[in-house]
Amino acid sequence: MEIDPFIFRLSIFILSIFIGYYVVWSVTPSLHTPLMSVTNAISSVIIVGAIIAALAGVSDSIFSTSSIFGFIAIVLAAVNIFGGFLVTQRMLQMYKKKKDKNK
Amino acid sequence: MISANLSAIFYLVSGILFILALRGLSSPDTSRQGNYFGIVGMIIAIVVTFLSIGNFSASLVYVIIFLTIGGAIGGFIAFRIPMTAMPELVAGFHSLVGLAAVFVAIAAFLNPEAFNLGNVGNIKLASLIEMSIGAAVGAITFSGSIIAFLKLRGIMSGAPITFSGQHIVNLLLGIGIFVLIFYLCKTQSSNIFWTVIVISFLVGVLLIIPIGGADMPVVISMLNSYSGWAAAGIGFTLENTALIITGALVGSSGAILSYIMCKAMNRSFISVILGGFGAESSSDDKKEKKDQKPVKSGNAEDAAFLMKNASSVIIVPGYGMAVAQAQHALREMVDKLKKNDIKVTYAIHPVAGRMPGHMNVLLAEANVPYDEVFELEDINNDFANSDVAFVIGANDVTNPIAKTDPKSPIFGMPVLDVEKCKSVLFVKRSLSPGYAGVDNELFYKDNTLMLFADAKKMTEDIVKNLD
């Protein structure tokens, strides 16, 4: 009997939880805020689903009910992607060692 | 158009890049590189999606327009937001992830053919379960984050809102969602699908309103976790590896942060979720005691004198510093002290502020080098050997009662041993208790000098007096 592909996806999921567990424990506490903003940004990879939904409305017209939901989701996820990565970058820029600051 | 196998491999690559993005955060030196990995991962995922659909018709133009609109809004927010507003921003971003998950699930439900999930009215069973779980968790994340956002922004009171039977209502609604999903699978009825989403929105609201302001670090982490699980649910529906990996990473990241925050408050996750902390107003007897105890209060001149004659000073910042935006003034004060060869370090409690790492970001914004900033366990022994502790805007996290009084609600919470310092300077607007509603013993110690003022104004006055 063949293994259902769902099982493979489940395996990826479970293993990723373990990776996440070990990787996140090694994040230094002073970077916990950037951690939250960057996880925010990467979870917006959900935009992939939004794009598929938005481009699927072609058969009858560009804007069907389902593709409109897709388009709105694209905007929401895009706010998050750009906002999340940029704000993380802005924060991380501040975490630089300043050696010559002891005037 | 590229094959499904090839795009699956690219999605795996972007998943790995996301892992590296988080991995980079293990040290400030590698963190910026990590962020670039994340950005590259995202670009790969988006480009591969375009290529795998291979549909370069008019609708693609709209996709790019909407992408640009969203990106412009996001970029604008990212550059304009002040660092003190970071907790609200993160809560707001969580709500967007949640809502996006809901919308993608709705789109998949309305047009399953586009996602290879079957036909309307005959969606594959597994997909239906996955998308309804994704939609439900997404909806909870959305409405919960909105409430958290309103509370953090101060639009809604930070005080817990409770009513009798709250937990039973939540429980029933939670069970209701599962029952409805079960019937959804049997009937494929769209009405049930909408009902699941509406109830989930309601659960999100009910889940967050009873949680008080001081528990916000846990709430934000928890919502972070939820947004991850919602993304993973959608990832299963879309059979997309990048989304599954990311969802799992974000989900476990948020869960770990919630755990760290709970531990730092010595509270169980369940008790935070059930909420109502700080709601009990049994403070009458405490108030009487407070009136009797003498408090030494001083002014900026006294504080400046004390610090000038010290050889080592430890700064303990808290939420009050964020509210008063005192971090830059503080940095100025520390510069002056350092010029006098006084050793200055910062001690940060894990739950200081309104989100994990909140204080660190503010200090970094004020150009404080990160190697002068220490976590609780790394610095706690140093208080005994230091001359002055300068507590600015922190309260509960310094309360020695957490170590001595088993009856206190904060008993057992790890606190900074501020009272062991030779002298303590406590900047605070009044003697009112902190969010836990507990009177701070530290106010009445012989070696404590209270500085009653706004944190920023007091710090600026001290700076003037240090000349």
# chains A, B, ... in the order shown; residues from 1 in each chain; ligands from 1

call {"tool": "interface_residues", "arguments": {"of": "chain B", "to": "chain A", "cutoff": "6 Å", "atoms": "only C-alpha atoms", "output": "JSON, numbers by chain"}}
result
{"B": [23, 25, 26, 59, 66, 67, 70, 71, 73, 74, 75, 78, 93, 96, 100, 103, 104, 107, 110, 114, 244, 245, 246, 248, 249, 250, 252, 253, 356, 357, 360, 364, 365, 369]}

call {"tool": "select_by_dssp", "arguments": {"residues": "chain A", "states": "helix (DSSP H, G or I)", "output": "ChimeraX atom specification"}}
result
/A:5-25,29-58,65-94,99-101

call {"tool": "atom_distance", "arguments": {"atom1": "CA of Leu51 (chain B)", "atom2": "CA of Thr68 (chain B)"}}
result
18.5 Å

call {"tool": "atom_distance", "arguments": {"atom1": "CA of Leu173 (chain B)", "atom2": "CA of Leu125 (chain B)"}}
result
22.9 Å

call {"tool": "decode", "arguments": {"residues": "region 40-53 of chain A", "atoms": "all heavy atoms", "output": "mmCIF file, in the first residue's frame"}}
result
data_model
loop_
_atom_site.group_PDB
_atom_site.id
_atom_site.type_symbol
_atom_site.label_atom_id
_atom_site.label_comp_id
_atom_site.auth_asym_id
_atom_site.auth_seq_id
_atom_site.Cartn_x
_atom_site.Cartn_y
_atom_site.Cartn_z
ATOM 1 N N ASN A 40 6.855 37.142 12.299
ATOM 2 C CA ASN A 40 5.705 37.743 11.665
ATOM 3 C C ASN A 40 5.863 37.845 10.163
ATOM 4 O O ASN A 40 4.972 37.520 9.394
ATOM 5 C CB ASN A 40 5.606 39.166 12.190
ATOM 6 C CG ASN A 40 4.259 39.455 12.697
ATOM 7 O OD1 ASN A 40 3.293 39.169 12.012
ATOM 8 N ND2 ASN A 40 4.183 39.969 13.881
ATOM 9 N N ALA A 41 7.035 38.344 9.774
ATOM 10 C CA ALA A 41 7.292 38.532 8.353
ATOM 11 C C ALA A 41 7.288 37.189 7.625
ATOM 12 O O ALA A 41 6.652 37.050 6.586
ATOM 13 C CB ALA A 41 8.620 39.243 8.153
ATOM 14 N N ILE A 42 7.970 36.184 8.185
ATOM 15 C CA ILE A 42 8.055 34.932 7.437
ATOM 16 C C ILE A 42 6.737 34.176 7.422
ATOM 17 O O ILE A 42 6.444 33.466 6.472
ATOM 18 C CB ILE A 42 9.212 34.012 7.900
ATOM 19 C CG1 ILE A 42 9.030 33.542 9.322
ATOM 20 C CG2 ILE A 42 10.555 34.676 7.695
ATOM 21 C CD1 ILE A 42 10.052 32.494 9.740
ATOM 22 N N SER A 43 5.894 34.361 8.461
ATOM 23 C CA SER A 43 4.628 33.629 8.401
ATOM 24 C C SER A 43 3.731 34.211 7.310
ATOM 25 O O SER A 43 2.751 33.584 6.911
ATOM 26 C CB SER A 43 3.922 33.598 9.752
ATOM 27 O OG SER A 43 3.741 34.873 10.264
ATOM 28 N N SER A 44 4.088 35.388 6.828
ATOM 29 C CA SER A 44 3.314 35.957 5.719
ATOM 30 C C SER A 44 3.644 35.300 4.399
ATOM 31 O O SER A 44 3.158 35.746 3.349
ATOM 32 C CB SER A 44 3.569 37.445 5.606
ATOM 33 O OG SER A 44 3.290 38.040 6.819
ATOM 34 N N VAL A 45 4.428 34.237 4.414
ATOM 35 C CA VAL A 45 4.640 33.457 3.197
ATOM 36 C C VAL A 45 3.298 32.846 2.777
ATOM 37 O O VAL A 45 3.153 32.294 1.692
ATOM 38 C CB VAL A 45 5.745 32.390 3.413
ATOM 39 C CG1 VAL A 45 5.260 31.258 4.281
ATOM 40 C CG2 VAL A 45 6.248 31.854 2.089
ATOM 41 N N ILE A 46 2.304 33.028 3.628
ATOM 42 C CA ILE A 46 0.932 32.649 3.294
ATOM 43 C C ILE A 46 0.468 33.381 2.032
ATOM 44 O O ILE A 46 -0.515 33.000 1.392
ATOM 45 C CB ILE A 46 0.015 32.953 4.504
ATOM 46 C CG1 ILE A 46 -1.261 32.137 4.438
ATOM 47 C CG2 ILE A 46 -0.328 34.434 4.626
ATOM 48 C CD1 ILE A 46 -1.936 31.996 5.773
ATOM 49 N N ILE A 47 1.197 34.425 1.669
ATOM 50 C CA ILE A 47 0.901 35.169 0.443
ATOM 51 C C ILE A 47 0.896 34.234 -0.768
ATOM 52 O O ILE A 47 0.226 34.488 -1.767
ATOM 53 C CB ILE A 47 1.912 36.322 0.238
ATOM 54 C CG1 ILE A 47 1.350 37.335 -0.758
ATOM 55 C CG2 ILE A 47 3.277 35.816 -0.224
ATOM 56 C CD1 ILE A 47 2.141 38.620 -0.833
ATOM 57 N N VAL A 48 1.647 33.136 -0.673
ATOM 58 C CA VAL A 48 1.663 32.143 -1.745
ATOM 59 C C VAL A 48 0.242 31.666 -2.043
ATOM 60 O O VAL A 48 -0.182 31.621 -3.205
ATOM 61 C CB VAL A 48 2.570 30.957 -1.314
ATOM 62 C CG1 VAL A 48 2.351 29.759 -2.200
ATOM 63 C CG2 VAL A 48 4.022 31.390 -1.332
ATOM 64 N N GLY A 49 -0.489 31.350 -0.975
ATOM 65 C CA GLY A 49 -1.877 30.911 -1.154
ATOM 66 C C GLY A 49 -2.732 32.021 -1.722
ATOM 67 O O GLY A 49 -3.604 31.793 -2.566
ATOM 68 N N ALA A 50 -2.461 33.247 -1.259
ATOM 69 C CA ALA A 50 -3.246 34.384 -1.734
ATOM 70 C C ALA A 50 -3.034 34.611 -3.225
ATOM 71 O O ALA A 50 -3.977 34.903 -3.958
ATOM 72 C CB ALA A 50 -2.865 35.634 -0.934
ATOM 73 N N ILE A 51 -1.794 34.440 -3.670
ATOM 74 C CA ILE A 51 -1.498 34.650 -5.095
ATOM 75 C C ILE A 51 -2.217 33.595 -5.940
ATOM 76 O O ILE A 51 -2.833 33.900 -6.966
ATOM 77 C CB ILE A 51 0.022 34.611 -5.353
ATOM 78 C CG1 ILE A 51 0.701 35.806 -4.663
ATOM 79 C CG2 ILE A 51 0.323 34.636 -6.847
ATOM 80 C CD1 ILE A 51 2.211 35.763 -4.689
ATOM 81 N N ILE A 52 -2.146 32.340 -5.474
ATOM 82 C CA ILE A 52 -2.831 31.276 -6.222
ATOM 83 C C ILE A 52 -4.319 31.601 -6.333
ATOM 84 O O ILE A 52 -4.916 31.515 -7.407
ATOM 85 C CB ILE A 52 -2.626 29.906 -5.530
ATOM 86 C CG1 ILE A 52 -1.144 29.551 -5.498
ATOM 87 C CG2 ILE A 52 -3.426 28.818 -6.252
ATOM 88 C CD1 ILE A 52 -0.817 28.290 -4.737
ATOM 89 N N ALA A 53 -4.910 32.019 -5.204
ATOM 90 C CA ALA A 53 -6.343 32.321 -5.215
ATOM 91 C C ALA A 53 -6.648 33.489 -6.148
ATOM 92 O O ALA A 53 -7.630 33.474 -6.890
ATOM 93 C CB ALA A 53 -6.810 32.648 -3.796
#
